[in-house]
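Next up, target.csv (CSV, C-alpha atoms):
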```csv
chain,number,residue,atom,x,y,z
A,1,MET,CA,-57.3,-145.2,42.9
A,2,VAL,CA,-54.1,-145.0,40.9
A,3,GLN,CA,-51.7,-146.5,43.4
A,4,LEU,CA,-54.2,-149.0,44.8
A,5,LEU,CA,-54.3,-150.6,41.3
A,6,HIS,CA,-50.6,-150.4,40.6
A,7,TRP,CA,-49.3,-152.6,43.5
A,8,HIS,CA,-49.4,-149.7,45.8
A,9,PHE,CA,-52.2,-148.4,47.9
A,10,GLY,CA,-51.4,-144.8,48.9
A,11,SER,CA,-53.7,-141.9,49.4
A,12,ARG,CA,-53.9,-138.5,47.7
A,13,ILE,CA,-54.9,-135.1,49.2
A,14,ASN,CA,-54.1,-131.4,49.0
A,15,LYS,CA,-52.7,-129.9,52.2
A,16,ASP,CA,-55.0,-126.8,52.0
A,17,GLU,CA,-58.1,-128.9,51.5
A,18,CYS,CA,-57.2,-131.1,54.4
A,19,GLU,CA,-56.6,-128.1,56.7
A,20,ARG,CA,-59.8,-126.5,55.7
A,21,GLY,CA,-61.6,-129.7,56.4
A,22,ILE,CA,-60.1,-129.8,59.9
A,23,ALA,CA,-61.1,-126.2,60.5
A,24,ARG,CA,-64.7,-126.9,59.5
A,25,GLY,CA,-64.8,-129.6,62.1
A,26,GLY,CA,-63.6,-127.2,64.8
A,27,VAL,CA,-60.3,-128.8,65.3
A,28,GLY,CA,-57.9,-126.4,63.5
A,29,GLU,CA,-54.4,-126.1,64.9
A,30,SER,CA,-51.7,-123.5,64.2
A,31,THR,CA,-48.6,-125.7,64.2
A,32,VAL,CA,-47.2,-129.2,63.8
A,33,GLU,CA,-44.8,-128.7,66.6
A,34,GLY,CA,-45.4,-130.3,69.9
A,35,PRO,CA,-43.9,-129.3,73.3
A,36,PRO,CA,-40.4,-130.6,74.1
A,37,SER,CA,-41.7,-133.4,76.2
A,38,GLU,CA,-43.7,-134.8,73.3
A,39,ARG,CA,-40.8,-134.4,70.8
A,40,GLN,CA,-38.4,-136.2,73.1
A,41,SER,CA,-40.7,-139.1,74.1
A,42,SER,CA,-38.9,-141.4,71.6
A,43,GLU,CA,-35.3,-141.9,70.7
A,44,GLN,CA,-34.3,-139.4,67.9
A,45,TYR,CA,-32.6,-141.0,65.0
A,46,SER,CA,-29.5,-139.7,63.2
A,47,LEU,CA,-29.6,-139.1,59.4
A,48,ALA,CA,-27.5,-142.3,58.9
A,49,LYS,CA,-30.0,-144.4,60.9
A,50,ILE,CA,-33.0,-142.9,59.2
A,51,LEU,CA,-31.5,-143.7,55.8
A,52,GLY,CA,-30.4,-147.2,56.9
A,53,ILE,CA,-34.0,-148.0,58.0
A,54,TRP,CA,-35.3,-146.6,54.7
A,55,ALA,CA,-32.9,-148.8,52.8
A,56,ALA,CA,-33.8,-151.9,54.8
A,57,ALA,CA,-37.4,-151.4,53.7
A,58,ALA,CA,-37.0,-150.1,50.1
A,59,LEU,CA,-34.1,-152.1,48.7
A,60,PRO,CA,-35.6,-155.6,49.5
A,61,MET,CA,-38.9,-154.5,47.9
A,62,ALA,CA,-37.1,-153.3,44.8
A,63,ALA,CA,-35.1,-156.5,44.5
A,64,LEU,CA,-38.1,-158.7,45.0
A,65,ALA,CA,-40.1,-156.8,42.3
A,66,TRP,CA,-37.3,-156.4,39.7
A,67,VAL,CA,-34.9,-159.3,40.3
A,68,VAL,CA,-36.5,-162.2,42.2
A,69,ALA,CA,-40.0,-161.9,40.6
A,70,PRO,CA,-38.7,-162.3,36.9
A,71,TRP,CA,-36.4,-165.1,38.0
A,72,LEU,CA,-39.3,-166.9,39.8
A,73,THR,CA,-41.7,-166.3,36.9
A,74,ASP,CA,-39.5,-168.4,34.6
A,75,ARG,CA,-39.8,-171.3,37.0
A,76,LEU,CA,-43.5,-171.2,37.6
A,77,ASP,CA,-46.1,-173.1,35.6
A,78,GLY,CA,-49.6,-172.0,35.0
A,79,PRO,CA,-51.3,-168.7,34.0
A,80,LEU,CA,-50.3,-165.2,35.2
A,81,ALA,CA,-46.9,-166.4,36.5
A,82,LEU,CA,-45.5,-162.9,37.0
A,83,THR,CA,-48.7,-161.7,38.8
A,84,ARG,CA,-48.5,-164.7,41.2
A,85,ALA,CA,-44.8,-164.1,41.8
A,86,LEU,CA,-45.4,-160.4,42.6
A,87,LEU,CA,-48.3,-161.1,44.9
A,88,VAL,CA,-46.3,-163.6,47.0
A,89,LEU,CA,-43.0,-161.7,47.0
A,90,LEU,CA,-44.3,-158.3,47.8
A,91,THR,CA,-46.3,-159.8,50.6
A,92,VAL,CA,-43.0,-161.3,51.9
A,93,GLY,CA,-41.4,-157.9,51.6
A,94,LEU,CA,-44.1,-156.2,53.6
A,95,ILE,CA,-44.0,-158.9,56.3
A,96,TRP,CA,-40.3,-158.1,56.6
A,97,GLN,CA,-41.1,-154.5,57.3
A,98,PHE,CA,-43.4,-155.6,60.2
A,99,VAL,CA,-40.5,-157.7,61.5
A,100,LEU,CA,-38.2,-154.7,61.2
A,101,VAL,CA,-40.7,-152.6,63.2
A,102,VAL,CA,-40.8,-155.2,66.0
A,103,LEU,CA,-37.0,-155.5,66.1
A,104,LEU,CA,-36.5,-151.7,66.3
A,105,ILE,CA,-39.1,-151.1,69.0
A,106,HIS,CA,-37.9,-154.1,71.1
A,107,ARG,CA,-34.3,-152.8,70.9
A,108,GLU,CA,-35.4,-149.3,71.9
A,109,ARG,CA,-37.9,-150.0,74.6
A,110,GLY,CA,-37.0,-153.5,75.7
A,111,SER,CA,-40.6,-154.7,75.6
A,112,LEU,CA,-43.4,-155.4,73.2
A,113,ARG,CA,-46.3,-155.0,75.6
A,114,TRP,CA,-49.3,-153.2,74.1
A,115,ALA,CA,-48.8,-150.1,76.4
A,116,VAL,CA,-45.3,-149.8,75.1
A,117,LEU,CA,-46.2,-150.3,71.5
A,118,LYS,CA,-49.0,-147.8,71.7
A,119,ASP,CA,-46.7,-145.1,72.9
A,120,ALA,CA,-43.7,-146.0,70.8
A,121,LEU,CA,-45.6,-146.2,67.5
A,122,TRP,CA,-48.1,-143.4,68.1
A,123,LEU,CA,-51.0,-145.9,68.0
A,124,GLN,CA,-53.2,-143.5,69.8
A,125,ALA,CA,-56.1,-141.1,69.1
A,126,PRO,CA,-55.1,-137.8,67.6
A,127,ARG,CA,-54.0,-135.2,70.2
A,128,SER,CA,-54.1,-131.4,70.0
A,129,SER,CA,-50.7,-129.9,71.0
A,130,ARG,CA,-52.4,-126.6,71.6
A,131,THR,CA,-55.5,-127.6,73.7
A,132,GLY,CA,-54.6,-131.0,74.9
A,133,ARG,CA,-57.8,-132.4,73.4
A,134,VAL,CA,-57.6,-136.1,72.6
A,135,GLY,CA,-59.8,-137.8,70.0
A,136,GLY,CA,-63.4,-136.6,69.7
A,137,ARG,CA,-63.7,-133.9,66.9
A,138,LEU,CA,-60.1,-134.3,66.0
A,139,TRP,CA,-61.1,-137.5,64.2
A,140,LEU,CA,-62.9,-135.3,61.7
A,141,VAL,CA,-59.5,-134.8,60.0
A,142,LEU,CA,-60.2,-138.2,58.4
A,143,ILE,CA,-63.3,-137.1,56.5
A,144,PRO,CA,-61.7,-134.7,54.0
A,145,CYS,CA,-58.6,-136.9,53.7
A,146,VAL,CA,-60.6,-140.0,52.8
A,147,LEU,CA,-63.2,-138.3,50.6
A,148,LEU,CA,-60.5,-136.6,48.5
A,149,LEU,CA,-58.8,-139.9,47.7
A,150,GLY,CA,-60.9,-140.1,44.6
A,151,ALA,CA,-59.1,-137.1,43.2
A,152,GLU,CA,-56.0,-139.3,42.6
A,153,GLU,CA,-57.7,-140.8,39.5
A,154,PHE,CA,-57.3,-137.4,37.8
A,155,ILE,CA,-53.6,-137.1,38.6
A,156,LEU,CA,-51.4,-137.7,35.6
A,157,SER,CA,-49.0,-140.6,36.1
A,158,PHE,CA,-46.3,-142.5,34.3
A,159,PRO,CA,-47.4,-145.7,32.6
A,160,PRO,CA,-46.7,-148.8,34.7
A,161,VAL,CA,-44.4,-151.5,33.5
A,162,THR,CA,-46.3,-154.3,31.6
A,163,GLY,CA,-47.1,-157.2,34.0
A,164,HIS,CA,-46.7,-155.0,37.1
A,165,ASP,CA,-50.1,-153.2,36.6
A,166,PHE,CA,-52.7,-154.6,39.0
A,167,THR,CA,-55.4,-152.6,37.2
A,168,ALA,CA,-54.8,-154.5,34.0
A,169,PHE,CA,-54.8,-157.8,35.9
A,170,VAL,CA,-58.1,-157.2,37.7
A,171,GLN,CA,-59.8,-155.9,34.5
A,172,SER,CA,-58.5,-158.6,32.2
A,173,ASP,CA,-60.4,-161.8,31.3
A,174,ALA,CA,-57.5,-163.8,32.5
A,175,GLY,CA,-57.5,-162.1,35.8
A,176,ALA,CA,-61.2,-162.6,36.2
A,177,ALA,CA,-60.9,-166.3,35.4
A,178,PHE,CA,-58.0,-166.6,37.8
A,179,MET,CA,-59.8,-165.0,40.7
A,180,SER,CA,-63.1,-166.8,40.1
A,181,GLY,CA,-63.7,-169.0,43.2
A,182,ASN,CA,-60.0,-168.5,44.2
A,183,TRP,CA,-60.3,-167.8,47.9
A,184,VAL,CA,-56.7,-168.8,48.6
A,185,TRP,CA,-55.3,-166.0,46.4
A,186,TYR,CA,-58.0,-163.6,47.7
A,187,ALA,CA,-56.7,-164.3,51.2
A,188,LEU,CA,-53.2,-163.7,50.1
A,189,ILE,CA,-54.2,-160.3,48.6
A,190,ALA,CA,-55.9,-159.5,51.9
A,191,ALA,CA,-52.7,-160.4,53.8
A,192,LEU,CA,-50.8,-158.1,51.4
A,193,PHE,CA,-53.1,-155.2,52.1
A,194,VAL,CA,-53.0,-155.7,55.9
A,195,PHE,CA,-49.2,-155.8,56.0
A,196,ASN,CA,-49.1,-152.9,53.5
A,197,THR,CA,-51.5,-150.3,55.1
A,198,VAL,CA,-51.5,-151.5,58.7
A,199,LEU,CA,-48.6,-153.6,59.8
A,200,GLY,CA,-46.0,-152.7,57.1
A,201,GLU,CA,-45.5,-149.4,55.3
A,202,GLU,CA,-47.6,-147.2,57.5
A,203,LEU,CA,-46.3,-148.7,60.8
A,204,LEU,CA,-42.7,-148.3,59.7
A,205,PHE,CA,-42.9,-144.8,58.2
A,206,ARG,CA,-45.5,-143.2,60.4
A,207,GLY,CA,-45.1,-145.3,63.5
A,208,VAL,CA,-41.3,-145.8,63.7
A,209,LEU,CA,-39.6,-143.2,61.6
A,210,LEU,CA,-41.9,-140.1,61.8
A,211,PRO,CA,-41.8,-139.7,65.7
A,212,ARG,CA,-38.0,-140.1,65.5
A,213,MET,CA,-37.1,-137.7,62.8
A,214,TRP,CA,-37.5,-134.4,64.7
A,215,GLY,CA,-33.9,-134.5,66.0
A,216,THR,CA,-32.6,-134.5,62.4
A,217,PHE,CA,-35.2,-132.5,60.5
A,218,GLY,CA,-36.9,-130.3,63.1
A,219,ARG,CA,-40.3,-129.0,62.2
A,220,TRP,CA,-40.0,-130.3,58.7
A,221,ASP,CA,-39.7,-133.9,59.8
A,222,TRP,CA,-43.1,-134.6,58.2
A,223,VAL,CA,-41.8,-133.3,54.8
A,224,ALA,CA,-38.7,-135.5,55.0
A,225,ASN,CA,-40.9,-138.4,56.0
A,226,GLY,CA,-43.0,-137.8,52.9
A,227,VAL,CA,-40.0,-137.7,50.7
A,228,LEU,CA,-38.6,-140.9,52.1
A,229,PHE,CA,-41.9,-142.6,51.7
A,230,ALA,CA,-42.2,-141.6,48.1
A,231,LEU,CA,-38.7,-142.7,47.3
A,232,TYR,CA,-39.3,-146.0,49.1
A,233,HIS,CA,-41.5,-147.0,46.1
A,234,LEU,CA,-38.7,-148.3,44.0
A,235,HIS,CA,-40.7,-151.4,43.3
A,236,VAL,CA,-43.4,-149.2,41.6
A,237,PRO,CA,-41.3,-146.1,40.6
A,238,TRP,CA,-44.1,-144.7,38.4
A,239,VAL,CA,-46.0,-143.7,41.5
A,240,ILE,CA,-43.2,-141.8,43.2
A,241,PRO,CA,-44.2,-138.3,41.9
A,242,GLN,CA,-47.8,-138.7,43.0
A,243,THR,CA,-46.8,-140.1,46.3
A,244,LEU,CA,-44.5,-137.2,47.0
A,245,LEU,CA,-47.0,-134.6,46.0
A,246,VAL,CA,-50.0,-136.1,47.8
A,247,ASP,CA,-49.2,-138.7,50.5
A,248,THR,CA,-46.9,-136.2,52.2
A,249,PHE,CA,-50.0,-134.1,53.0
A,250,ALA,CA,-52.6,-136.9,53.3
A,251,GLU,CA,-50.7,-139.2,55.7
A,252,ALA,CA,-47.4,-137.7,57.0
A,253,TYR,CA,-48.6,-134.2,57.8
A,254,PRO,CA,-51.8,-135.1,59.8
A,255,SER,CA,-50.0,-138.0,61.5
A,256,ARG,CA,-47.3,-135.6,62.7
A,257,ARG,CA,-49.6,-132.8,63.5
A,258,TYR,CA,-51.8,-134.9,65.8
A,259,ARG,CA,-49.1,-137.4,66.9
A,260,SER,CA,-51.2,-140.3,65.7
A,261,ALA,CA,-50.0,-143.0,63.2
A,262,LEU,CA,-53.6,-144.2,63.3
A,263,ILE,CA,-54.5,-141.3,61.0
A,264,GLY,CA,-52.1,-142.5,58.3
A,265,ILE,CA,-53.1,-146.1,58.8
A,266,ILE,CA,-56.8,-145.4,58.4
A,267,VAL,CA,-56.5,-143.0,55.4
A,268,HIS,CA,-54.2,-145.5,53.7
A,269,SER,CA,-56.4,-148.5,54.5
A,270,SER,CA,-59.6,-146.9,53.2
A,271,GLN,CA,-58.5,-147.8,49.7
A,272,SER,CA,-57.9,-151.4,50.7
A,273,VAL,CA,-61.5,-151.6,51.9
A,274,VAL,CA,-62.7,-150.3,48.5
A,275,PHE,CA,-60.5,-152.7,46.7
A,276,PHE,CA,-61.8,-155.7,48.7
A,277,VAL,CA,-65.3,-154.7,47.6
A,278,LEU,CA,-64.3,-154.5,44.0
A,279,VAL,CA,-62.4,-157.8,43.8
A,280,LEU,CA,-64.9,-159.8,45.8
A,281,PRO,CA,-67.4,-160.2,42.9
A,282,LEU,CA,-64.6,-161.8,40.9
A,283,VAL,CA,-64.1,-164.4,43.5
A,284,LEU,CA,-67.8,-165.0,43.9
A,285,GLN,CA,-68.6,-165.5,40.2
```

Could you quickly redo this structure as structure tokens?
Amino acid sequence: MVQLLHWHFGSRINKDECERGIARGGVGESTVEGPPSERQSSEQYSLAKILGIWAAAALPMAALAWVVAPWLTDRLDGPLALTRALLVLLTVGLIWQFVLVVLLIHRERGSLRWAVLKDALWLQAPRSSRTGRVGGRLWLVLIPCVLLLGAEEFILSFPPVTGHDFTAFVQSDAGAAFMSGNWVWYALIAALFVFNTVLGEELLFRGVLLPRMWGTFGRWDWVANGVLFALYHLHVPWVIPQTLLVDTFAEAYPSRRYRSALIGIIVHSSQSVVFFVLVLPLVLQ
């Protein structure tokens, strides 16, 4: 779980493996294109608007990690000042992404009712564009995607910047001592994960942007979405190559293929569940 333990919780998968896994479940499809009625169900964004939304998410996260966090660290007392600053600030940045999602959908649809949000953000069961099947065996796409997440540990990556490596924090004696009995910070980490993999990154990139990129990028909208998602990680730039090579196929591709942001959310969130289990013993000790 390379990204999970470096302030980022992305998933890793090979496109061919994912497609073979889908086919084994009997849900193989021949295209990521949907009928015109599906492609036009949401407003289509111009390139300028897509890049503007990307900047509204990426630049604040970068500023919080590389400008505000060091400034705040110098003004904090106690142990692990940089770690505490990063946890708080990145959570704030992810909450802002959720607010951005709400503002964009309300402006487009004029309502935040669940029925509206479900349609606008693709918060629905996967749908086959060829057969019309909804849910059922289509959910089997999750199995190869989630199981292959472990392969990310074998992917070469750039070394993280000292103090920004969550792996080092969790594995250190100082980190273990800090988390021991510390339910407040455990709750903050939980909030960070929820806004990262459910209400923040995934909802913005797979729920807002992906359904609205066809007008600019056509059938390659999922590729463009993967590129933007990778480059968004300016706050953890060492994971950008891995994110581009893997998350594009693990999250953007199946989410677009089956018109379901839930796929990306579940795949991404599976690592958060694993992390909760790994950190909990530190809190209980």

Could you give me, as a list in words, the residues that have an atom at most 9 Å away from the point (-46.7, -158.5, 54.0) in the coordinates of the file, using all atoms listed in the file?
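Residues lying no farther than 9 Å from the given point: Val88, Leu89, Leu90, Thr91, Val92, Gly93, Leu94, Ile95, Trp96, Gln97, Phe98, Ala191, Leu192, Phe193, Val194, Phe195, Asn196, Leu199 and Gly200 of chain A.
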
Keeping only C-alpha atoms, write the selected residues to a file as a PDB file, in the frame of the given file.
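again.pdb written:
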```pdb
ATOM      1  CA  VAL A  88     -46.300-163.600  47.000  1.00  0.00           C
ATOM      2  CA  LEU A  89     -43.000-161.700  47.000  1.00  0.00           C
ATOM      3  CA  LEU A  90     -44.300-158.300  47.800  1.00  0.00           C
ATOM      4  CA  THR A  91     -46.300-159.800  50.600  1.00  0.00           C
ATOM      5  CA  VAL A  92     -43.000-161.300  51.900  1.00  0.00           C
ATOM      6  CA  GLY A  93     -41.400-157.900  51.600  1.00  0.00           C
ATOM      7  CA  LEU A  94     -44.100-156.200  53.600  1.00  0.00           C
ATOM      8  CA  ILE A  95     -44.000-158.900  56.300  1.00  0.00           C
ATOM      9  CA  TRP A  96     -40.300-158.100  56.600  1.00  0.00           C
ATOM     10  CA  GLN A  97     -41.100-154.500  57.300  1.00  0.00           C
ATOM     11  CA  PHE A  98     -43.400-155.600  60.200  1.00  0.00           C
ATOM     12  CA  ALA A 191     -52.700-160.400  53.800  1.00  0.00           C
ATOM     13  CA  LEU A 192     -50.800-158.100  51.400  1.00  0.00           C
ATOM     14  CA  PHE A 193     -53.100-155.200  52.100  1.00  0.00           C
ATOM     15  CA  VAL A 194     -53.000-155.700  55.900  1.00  0.00           C
ATOM     16  CA  PHE A 195     -49.200-155.800  56.000  1.00  0.00           C
ATOM     17  CA  ASN A 196     -49.100-152.900  53.500  1.00  0.00           C
ATOM     18  CA  LEU A 199     -48.600-153.600  59.800  1.00  0.00           C
ATOM     19  CA  GLY A 200     -46.000-152.700  57.100  1.00  0.00           C
TER      20      GLY A 200
END
```

Near stretch 264-267 of chain A, 8 Å: stretch 123-227 of chain A residue rows, closest pairs, all atoms listed in the file, as a tab-separated table:
```
residue	atom	partner	partner_atom	distance
A:Leu142	CA	A:Val267	CA	6.8
A:Cys145	CA	A:Val267	CA	6.7
A:Val146	CA	A:Val267	CA	5.7
A:Thr197	CA	A:Ile265	CA	5.8
A:Val198	CA	A:Ile265	CA	5.6
A:Glu202	CA	A:Ile265	CA	5.8
A:Leu203	CA	A:Ile265	CA	7.5
A:Arg206	CA	A:Gly264	CA	7.0
```

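Comparing the minimum interatomic distances between A:Pro211 and each of A:Ala261, A:Leu156, A:Leu117, A:Leu64, counting all atoms listed in the file, we find that A:Ala261 sits nearest.
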
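Shell of stretch 106-111 of chain A at 12 Å, with all atoms listed in the file counted and residues fewer than 5 places along the chain excluded, is A:Ser41, A:Ser42, A:Glu43, A:Gln44, A:Tyr45, A:Val99, A:Leu100, A:Val101, A:Val116, A:Leu117, A:Lys118, A:Asp119, A:Ala120, A:Leu121, A:Val208, A:Arg212.
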
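The residue that comes closest to A:Pro281, out of A:Met213, A:Leu140, A:Ala81, A:Ala177 and on the basis of all atoms listed in the file, is A:Ala177.
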
For A:Ala69, find every residue with an atom within 8 Å (counting only C-alpha atoms), except residues of its own chain fewer than 3 positions away, and show them as a PyMOL selection string.
chain A and resi 64-66+72-73+82+85-86+89

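Residues lying at most 10 Å from (-62.4, -168.6, 46.6) in file coordinates, with only C-alpha atoms considered, are Met179, Ser180, Gly181, Asn182, Trp183, Val184, Trp185, Tyr186, Ala187, Leu280, Leu282, Val283, Leu284 and Gln285 of chain A.
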
Please indicate the distance in Å from atom CA of A:Glu152 to atom CA of A:His233, rounded to one decimal place.
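For atom CA of A:Glu152 relative to atom CA of A:His233, the distance reads 16.8 Å.
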
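In terms of minimum interatomic distance to A:Gly78, A:Ala174 ranks closest within A:Ala174, A:Ala151, A:Ala125, A:Thr167, counting only C-alpha atoms.
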
Distance of atom CA of A:Gln271 from atom CA of A:Val102, expressed in Å to one decimal place
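For atom CA of A:Val102 relative to atom CA of A:Gln271, the distance reads 25.2 Å.
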
Separation of atom CA of A:Asn225 and atom CA of A:Ser129, in Å?
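Those two atoms sit 19.8 Å apart.
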
Under the rule that all atoms listed in the file are counted, which of A:His235, A:Arg75, A:Lys49, A:Arg259 is the nearest residue to A:Val161?
A:His235

Please identify all polymer residues within 9 Å of A:Ala230, counting only C-alpha atoms, omitting same-chain residues fewer than 4 positions from it, and present them as a list in words.
Asn225, Gly226, Leu234, Pro237, Val239, Ile240, Pro241, Gln242, Thr243, Leu244, Leu245, Asp247 and Thr248 of chain A

Hey, what's within 8 Å of A:Pro126 if we count all atoms listed in the file and toss same-chain stuff fewer than 4 positions away? As a list in words, please?
Val134, Gly135, Leu138, Trp139, Ser255, Tyr258, Arg259, Ser260, Leu262 and Ile263 of chain A

Could you check the closest approach to A:Val227 for each of A:Leu112, A:Val279, A:Leu51, A:Met61 and tell me which residue wins, using only C-alpha atoms?
A:Leu51
